[in-house]
file protein.cif (mmCIF, N, CA and C atoms)
data_upload
#
loop_
_atom_site.label_atom_id
_atom_site.label_comp_id
_atom_site.auth_asym_id
_atom_site.auth_seq_id
_atom_site.Cartn_x
_atom_site.Cartn_y
_atom_site.Cartn_z
N MET A 157 98.22 67.33 132.61
CA MET A 157 98.97 68.55 132.82
C MET A 157 99.20 69.28 131.50
N ASP A 158 99.38 68.51 130.44
CA ASP A 158 99.61 69.10 129.13
C ASP A 158 98.38 69.86 128.65
N THR A 159 97.19 69.39 129.00
CA THR A 159 95.97 70.09 128.59
C THR A 159 95.83 71.42 129.31
N VAL A 160 96.32 71.51 130.55
CA VAL A 160 96.28 72.78 131.29
C VAL A 160 97.18 73.81 130.60
N PHE A 161 98.38 73.41 130.21
CA PHE A 161 99.29 74.32 129.51
C PHE A 161 98.72 74.72 128.16
N GLN A 162 98.10 73.79 127.48
CA GLN A 162 97.49 74.08 126.19
C GLN A 162 96.34 75.08 126.36
N PHE A 163 95.54 74.91 127.43
CA PHE A 163 94.45 75.86 127.69
C PHE A 163 95.00 77.25 127.96
N PHE A 164 96.02 77.35 128.81
CA PHE A 164 96.59 78.66 129.13
C PHE A 164 97.22 79.31 127.91
N ASN A 165 97.86 78.53 127.06
CA ASN A 165 98.46 79.10 125.85
C ASN A 165 97.40 79.59 124.88
N SER A 166 96.27 78.88 124.79
CA SER A 166 95.23 79.31 123.85
C SER A 166 94.42 80.48 124.39
N GLN A 167 94.37 80.65 125.70
CA GLN A 167 93.58 81.72 126.33
C GLN A 167 94.46 82.80 126.96
N LEU A 168 95.69 82.93 126.52
CA LEU A 168 96.64 83.85 127.16
C LEU A 168 96.17 85.30 127.08
N ILE A 169 95.64 85.74 125.96
CA ILE A 169 95.17 87.12 125.82
C ILE A 169 94.02 87.38 126.79
N MET A 170 93.10 86.44 126.92
CA MET A 170 91.98 86.61 127.83
C MET A 170 92.45 86.66 129.29
N ILE A 171 93.44 85.88 129.64
CA ILE A 171 93.98 85.90 131.00
C ILE A 171 94.65 87.24 131.28
N TYR A 172 95.42 87.74 130.32
CA TYR A 172 96.03 89.06 130.48
C TYR A 172 94.95 90.15 130.61
N LEU A 173 93.91 90.05 129.82
CA LEU A 173 92.82 91.03 129.88
C LEU A 173 92.12 90.98 131.24
N LEU A 174 91.90 89.80 131.76
CA LEU A 174 91.28 89.65 133.08
C LEU A 174 92.14 90.28 134.17
N ILE A 175 93.43 90.01 134.15
CA ILE A 175 94.34 90.58 135.15
C ILE A 175 94.38 92.10 135.02
N PHE A 176 94.42 92.61 133.79
CA PHE A 176 94.45 94.06 133.57
C PHE A 176 93.17 94.72 134.09
N THR A 177 92.01 94.13 133.83
CA THR A 177 90.76 94.74 134.29
C THR A 177 90.62 94.69 135.80
N ILE A 178 91.15 93.66 136.43
CA ILE A 178 91.13 93.60 137.90
C ILE A 178 91.97 94.73 138.48
N ILE A 179 93.18 94.91 137.96
CA ILE A 179 94.06 95.98 138.46
C ILE A 179 93.46 97.35 138.17
N LEU A 180 92.94 97.55 136.96
CA LEU A 180 92.33 98.84 136.60
C LEU A 180 91.10 99.13 137.46
N GLY A 181 90.25 98.15 137.66
CA GLY A 181 89.07 98.35 138.50
C GLY A 181 89.44 98.70 139.93
N PHE A 182 90.45 98.03 140.48
CA PHE A 182 90.89 98.33 141.84
C PHE A 182 91.42 99.76 141.93
N GLU A 183 92.19 100.19 140.95
CA GLU A 183 92.74 101.55 140.97
C GLU A 183 91.65 102.60 140.84
N VAL A 184 90.68 102.36 139.98
CA VAL A 184 89.61 103.34 139.79
C VAL A 184 88.74 103.44 141.04
N ILE A 185 88.34 102.31 141.60
CA ILE A 185 87.46 102.32 142.77
C ILE A 185 88.18 102.87 143.99
N SER A 186 89.47 102.62 144.12
CA SER A 186 90.19 103.13 145.31
C SER A 186 90.33 104.65 145.28
N LYS A 187 90.19 105.27 144.12
CA LYS A 187 90.32 106.73 144.01
C LYS A 187 88.98 107.46 144.19
N VAL A 188 87.88 106.73 144.35
CA VAL A 188 86.56 107.34 144.48
C VAL A 188 86.39 107.87 145.91
N PRO A 189 85.93 109.12 146.08
CA PRO A 189 85.69 109.63 147.43
C PRO A 189 84.58 108.86 148.14
N THR A 190 84.62 108.86 149.45
CA THR A 190 83.66 108.10 150.25
C THR A 190 82.23 108.55 150.00
N VAL A 191 82.02 109.82 149.78
CA VAL A 191 80.67 110.36 149.56
C VAL A 191 80.03 109.77 148.30
N LEU A 192 80.83 109.54 147.28
CA LEU A 192 80.31 109.04 146.01
C LEU A 192 80.31 107.52 145.91
N HIS A 193 80.84 106.84 146.91
CA HIS A 193 81.02 105.40 146.80
C HIS A 193 79.68 104.65 146.72
N THR A 194 78.73 104.99 147.57
CA THR A 194 77.45 104.26 147.59
C THR A 194 76.66 104.46 146.30
N PRO A 195 76.48 105.70 145.81
CA PRO A 195 75.75 105.84 144.54
C PRO A 195 76.46 105.17 143.37
N LEU A 196 77.77 105.25 143.35
CA LEU A 196 78.52 104.63 142.26
C LEU A 196 78.36 103.11 142.29
N MET A 197 78.47 102.53 143.47
CA MET A 197 78.39 101.09 143.56
C MET A 197 76.98 100.58 143.33
N SER A 198 75.98 101.32 143.76
CA SER A 198 74.62 100.86 143.52
C SER A 198 74.29 100.91 142.03
N GLY A 199 74.84 101.88 141.33
CA GLY A 199 74.66 101.92 139.88
C GLY A 199 75.47 100.85 139.18
N ALA A 200 76.65 100.57 139.68
CA ALA A 200 77.51 99.56 139.06
C ALA A 200 76.96 98.15 139.29
N ASN A 201 76.20 97.96 140.34
CA ASN A 201 75.62 96.64 140.58
C ASN A 201 74.61 96.26 139.51
N ALA A 202 74.01 97.24 138.88
CA ALA A 202 73.07 96.94 137.81
C ALA A 202 73.79 96.33 136.61
N ILE A 203 75.08 96.60 136.48
CA ILE A 203 75.86 96.02 135.39
C ILE A 203 76.00 94.51 135.57
N SER A 204 75.77 94.03 136.77
CA SER A 204 75.84 92.59 137.00
C SER A 204 74.80 91.83 136.20
N GLY A 205 73.80 92.53 135.70
CA GLY A 205 72.84 91.88 134.82
C GLY A 205 73.52 91.33 133.57
N VAL A 206 74.55 92.01 133.11
CA VAL A 206 75.32 91.53 131.95
C VAL A 206 76.05 90.25 132.32
N VAL A 207 76.57 90.19 133.55
CA VAL A 207 77.26 88.99 134.01
C VAL A 207 76.27 87.83 134.08
N ILE A 208 75.07 88.11 134.55
CA ILE A 208 74.06 87.06 134.65
C ILE A 208 73.71 86.52 133.26
N ILE A 209 73.53 87.41 132.30
CA ILE A 209 73.20 86.97 130.94
C ILE A 209 74.36 86.14 130.35
N GLY A 210 75.59 86.59 130.57
CA GLY A 210 76.74 85.82 130.10
C GLY A 210 76.83 84.45 130.74
N ALA A 211 76.54 84.39 132.05
CA ALA A 211 76.59 83.10 132.74
C ALA A 211 75.48 82.17 132.26
N ILE A 212 74.31 82.73 131.99
CA ILE A 212 73.22 81.90 131.46
C ILE A 212 73.60 81.36 130.08
N LEU A 213 74.20 82.19 129.25
CA LEU A 213 74.65 81.72 127.93
C LEU A 213 75.73 80.65 128.06
N LEU A 214 76.61 80.81 129.04
CA LEU A 214 77.66 79.81 129.27
C LEU A 214 77.06 78.48 129.67
N VAL A 215 76.08 78.51 130.57
CA VAL A 215 75.44 77.27 131.00
C VAL A 215 74.66 76.65 129.85
N ARG A 216 74.03 77.48 129.06
CA ARG A 216 73.20 76.98 127.96
C ARG A 216 74.02 76.27 126.88
N GLN A 217 75.21 76.78 126.59
CA GLN A 217 76.00 76.17 125.52
C GLN A 217 76.97 75.11 126.04
N ALA A 218 77.02 74.90 127.34
CA ALA A 218 77.93 73.90 127.90
C ALA A 218 77.42 72.49 127.62
N ALA A 219 78.35 71.59 127.43
CA ALA A 219 77.98 70.19 127.26
C ALA A 219 77.52 69.62 128.61
N THR A 220 76.71 68.60 128.55
CA THR A 220 76.15 68.05 129.80
C THR A 220 77.21 67.39 130.67
N ASP A 221 78.32 67.00 130.11
CA ASP A 221 79.37 66.37 130.90
C ASP A 221 80.52 67.32 131.26
N ASP A 222 80.41 68.59 130.89
CA ASP A 222 81.44 69.59 131.20
C ASP A 222 81.07 70.29 132.51
N PHE A 223 81.49 69.68 133.60
CA PHE A 223 81.10 70.17 134.92
C PHE A 223 81.78 71.48 135.29
N LEU A 224 82.94 71.75 134.72
CA LEU A 224 83.62 73.02 135.00
C LEU A 224 82.83 74.19 134.44
N GLN A 225 82.41 74.10 133.20
CA GLN A 225 81.61 75.17 132.60
C GLN A 225 80.27 75.31 133.29
N LEU A 226 79.63 74.20 133.59
CA LEU A 226 78.34 74.25 134.27
C LEU A 226 78.48 74.85 135.67
N GLY A 227 79.53 74.47 136.38
CA GLY A 227 79.75 74.99 137.72
C GLY A 227 80.07 76.47 137.73
N LEU A 228 80.95 76.90 136.80
CA LEU A 228 81.30 78.32 136.73
C LEU A 228 80.11 79.17 136.28
N GLY A 229 79.33 78.65 135.35
CA GLY A 229 78.14 79.37 134.91
C GLY A 229 77.11 79.51 136.02
N THR A 230 76.90 78.43 136.76
CA THR A 230 75.96 78.48 137.89
C THR A 230 76.46 79.43 138.97
N LEU A 231 77.76 79.39 139.26
CA LEU A 231 78.34 80.31 140.24
C LEU A 231 78.20 81.75 139.77
N GLY A 232 78.39 81.98 138.48
CA GLY A 232 78.22 83.33 137.93
C GLY A 232 76.79 83.84 138.07
N VAL A 233 75.82 82.97 137.82
CA VAL A 233 74.41 83.36 137.98
C VAL A 233 74.11 83.68 139.43
N ILE A 234 74.57 82.82 140.34
CA ILE A 234 74.28 83.03 141.77
C ILE A 234 74.93 84.31 142.28
N LEU A 235 76.21 84.50 142.01
CA LEU A 235 76.90 85.69 142.50
C LEU A 235 76.38 86.96 141.83
N GLY A 236 76.05 86.88 140.56
CA GLY A 236 75.47 88.04 139.88
C GLY A 236 74.13 88.42 140.47
N MET A 237 73.30 87.44 140.78
CA MET A 237 71.99 87.73 141.38
C MET A 237 72.14 88.33 142.78
N VAL A 238 73.09 87.80 143.56
CA VAL A 238 73.34 88.38 144.88
C VAL A 238 73.76 89.83 144.76
N ASN A 239 74.60 90.13 143.78
CA ASN A 239 75.07 91.50 143.57
C ASN A 239 73.94 92.42 143.12
N VAL A 240 73.08 91.94 142.21
CA VAL A 240 71.96 92.77 141.74
C VAL A 240 70.98 93.03 142.87
N ILE A 241 70.62 92.00 143.61
CA ILE A 241 69.67 92.18 144.72
C ILE A 241 70.27 93.09 145.79
N GLY A 242 71.54 92.91 146.09
CA GLY A 242 72.20 93.80 147.06
C GLY A 242 72.26 95.23 146.57
N GLY A 243 72.49 95.42 145.28
CA GLY A 243 72.53 96.77 144.72
C GLY A 243 71.18 97.46 144.81
N PHE A 244 70.12 96.70 144.52
CA PHE A 244 68.79 97.29 144.64
C PHE A 244 68.45 97.60 146.09
N ALA A 245 68.87 96.74 147.02
CA ALA A 245 68.61 96.98 148.44
C ALA A 245 69.35 98.23 148.93
N VAL A 246 70.61 98.37 148.52
CA VAL A 246 71.39 99.54 148.92
C VAL A 246 70.79 100.81 148.32
N THR A 247 70.39 100.75 147.05
CA THR A 247 69.80 101.92 146.40
C THR A 247 68.48 102.30 147.07
N ASP A 248 67.67 101.31 147.38
CA ASP A 248 66.40 101.60 148.05
C ASP A 248 66.64 102.21 149.43
N ARG A 249 67.59 101.68 150.14
CA ARG A 249 67.92 102.22 151.47
C ARG A 249 68.47 103.65 151.37
N MET A 250 69.25 103.91 150.34
CA MET A 250 69.81 105.24 150.14
C MET A 250 68.71 106.24 149.78
N LEU A 251 67.79 105.82 148.91
CA LEU A 251 66.69 106.71 148.53
C LEU A 251 65.71 106.93 149.68
N GLU A 252 65.61 105.98 150.58
CA GLU A 252 64.74 106.12 151.75
C GLU A 252 65.21 107.26 152.66
N MET A 253 66.50 107.55 152.65
CA MET A 253 67.02 108.63 153.48
C MET A 253 66.52 110.00 153.01
N PHE A 254 66.16 110.12 151.74
CA PHE A 254 65.76 111.42 151.20
C PHE A 254 64.25 111.64 151.27
N LYS A 255 63.49 110.64 151.67
CA LYS A 255 62.04 110.81 151.77
C LYS A 255 61.71 111.56 153.06
N LYS A 256 60.60 112.29 153.01
CA LYS A 256 60.16 113.02 154.20
C LYS A 256 59.59 112.02 155.20
N LYS A 257 59.88 112.26 156.45
CA LYS A 257 59.41 111.38 157.51
C LYS A 257 57.95 111.71 157.84
N LYS A 258 57.17 110.65 158.09
CA LYS A 258 55.78 110.84 158.48
C LYS A 258 55.71 111.15 159.96
N LYS A 259 54.76 112.03 160.30
CA LYS A 259 54.63 112.42 161.72
C LYS A 259 53.74 111.47 162.46
#

call {"tool": "encode", "arguments": {"input": "protein.cif", "output": "structure tokens"}}
result
Amino acid sequence: MDTVFQFFNSQLIMIYLLIFTIILGFEVISKVPTVLHTPLMSGANAISGVVIIGAILLVRQAATDDFLQLGLGTLGVILGMVNVIGGFAVTDRMLEMFKKKKK
């Protein structure tokens, strides 16, 4: 239990930053009009590539017996890839609406 408190005390700024970015992101996205939501989100999904690179670096520098870092890094890679693939699928579907239909 003492190690948990020590971890939180050493990472307190990062925890505050995470909470702040969650609240800020929610406020910004909730103010976006419905018409702009799909293009904005499909473009924002490409940013998940940065998450994937960070997760790969986390897995790469993790010790072989540190299952928490390995698990979080693997989860980050999986969720980031799902987000990127979903973003490309949504963008492709959105662009398909603007193509001329074949007779």

call {"tool": "atom_distance", "arguments": {"input": "protein.cif", "atom1": "atom CA of Gly227 of chain A", "atom2": "atom N of Ser204 of chain A"}}
result
19.5 Å

call {"tool": "atom_distance", "arguments": {"input": "protein.cif", "atom1": "atom C of Asp248 of chain A", "atom2": "atom CA of Glu183 of chain A"}}
result
27.4 Å

call {"tool": "resolve_selection", "arguments": {"input": "protein.cif", "expression": "the PyMOL selection byres (((chain A and resi 209 and name CA) around 12) and name CA)", "output": "list in words"}}
result
Ile203, Ser204, Gly205, Val206, Val207, Ile208, Gly210, Ala211, Ile212, Leu213, Leu214, Val215, Arg216, Gly229, Thr230, Gly232, Val233, Ile234, Gly236 and Met237 of chain A

call {"tool": "atom_distance", "arguments": {"input": "protein.cif", "atom1": "atom C of Val191 of chain A", "atom2": "atom N of Ile241 of chain A"}}
result
20.6 Å

call {"tool": "select_by_dssp", "arguments": {"input": "protein.cif", "residues": "segment 203-238 of chain A", "states": "alpha helix (DSSP H)", "output": "ChimeraX atom specification"}}
result
/A:204-217,223-238

call {"tool": "axis_aligned_box", "arguments": {"input": "protein.cif", "around": "segment 178-185 of chain A", "padding_each_side": "3 Å", "output": "JSON"}}
result
{"center_x": 90.8, "center_y": 98.5, "center_z": 140.2, "size_x": 12.6, "size_y": 15.8, "size_z": 13.6}

call {"tool": "residues_near_point", "arguments": {"input": "protein.cif", "point": "(73.1, 101.7, 144.1)", "cutoff": "10 Å", "atoms": "only C-alpha atoms", "output": "short mmCIF file (atom, residue, chain, number, x, y, z; two decimals) with N, CA and C atoms, keeping the file's coordinate frame"}}
result
data_model
loop_
_atom_site.label_atom_id
_atom_site.label_comp_id
_atom_site.auth_asym_id
_atom_site.auth_seq_id
_atom_site.Cartn_x
_atom_site.Cartn_y
_atom_site.Cartn_z
N HIS A 193 80.84 106.84 146.91
CA HIS A 193 81.02 105.40 146.80
C HIS A 193 79.68 104.65 146.72
N THR A 194 78.73 104.99 147.57
CA THR A 194 77.45 104.26 147.59
C THR A 194 76.66 104.46 146.30
N PRO A 195 76.48 105.70 145.81
CA PRO A 195 75.75 105.84 144.54
C PRO A 195 76.46 105.17 143.37
N LEU A 196 77.77 105.25 143.35
CA LEU A 196 78.52 104.63 142.26
C LEU A 196 78.36 103.11 142.29
N MET A 197 78.47 102.53 143.47
CA MET A 197 78.39 101.09 143.56
C MET A 197 76.98 100.58 143.33
N SER A 198 75.98 101.32 143.76
CA SER A 198 74.62 100.86 143.52
C SER A 198 74.29 100.91 142.03
N GLY A 199 74.84 101.88 141.33
CA GLY A 199 74.66 101.92 139.88
C GLY A 199 75.47 100.85 139.18
N ALA A 200 76.65 100.57 139.68
CA ALA A 200 77.51 99.56 139.06
C ALA A 200 76.96 98.15 139.29
N ASN A 201 76.20 97.96 140.34
CA ASN A 201 75.62 96.64 140.58
C ASN A 201 74.61 96.26 139.51
N ALA A 202 74.01 97.24 138.88
CA ALA A 202 73.07 96.94 137.81
C ALA A 202 73.79 96.33 136.61
N VAL A 240 73.08 91.94 142.21
CA VAL A 240 71.96 92.77 141.74
C VAL A 240 70.98 93.03 142.87
N GLY A 242 71.54 92.91 146.09
CA GLY A 242 72.20 93.80 147.06
C GLY A 242 72.26 95.23 146.57
N GLY A 243 72.49 95.42 145.28
CA GLY A 243 72.53 96.77 144.72
C GLY A 243 71.18 97.46 144.81
N PHE A 244 70.12 96.70 144.52
CA PHE A 244 68.79 97.29 144.64
C PHE A 244 68.45 97.60 146.09
N ALA A 245 68.87 96.74 147.02
CA ALA A 245 68.61 96.98 148.44
C ALA A 245 69.35 98.23 148.93
N VAL A 246 70.61 98.37 148.52
CA VAL A 246 71.39 99.54 148.92
C VAL A 246 70.79 100.81 148.32
N THR A 247 70.39 100.75 147.05
CA THR A 247 69.80 101.92 146.40
C THR A 247 68.48 102.30 147.07
N ASP A 248 67.67 101.31 147.38
CA ASP A 248 66.40 101.60 148.05
C ASP A 248 66.64 102.21 149.43
N ARG A 249 67.59 101.68 150.14
CA ARG A 249 67.92 102.22 151.47
C ARG A 249 68.47 103.65 151.37
N MET A 250 69.25 103.91 150.34
CA MET A 250 69.81 105.24 150.14
C MET A 250 68.71 106.24 149.78
N LEU A 251 67.79 105.82 148.91
CA LEU A 251 66.69 106.71 148.53
C LEU A 251 65.71 106.93 149.68
#
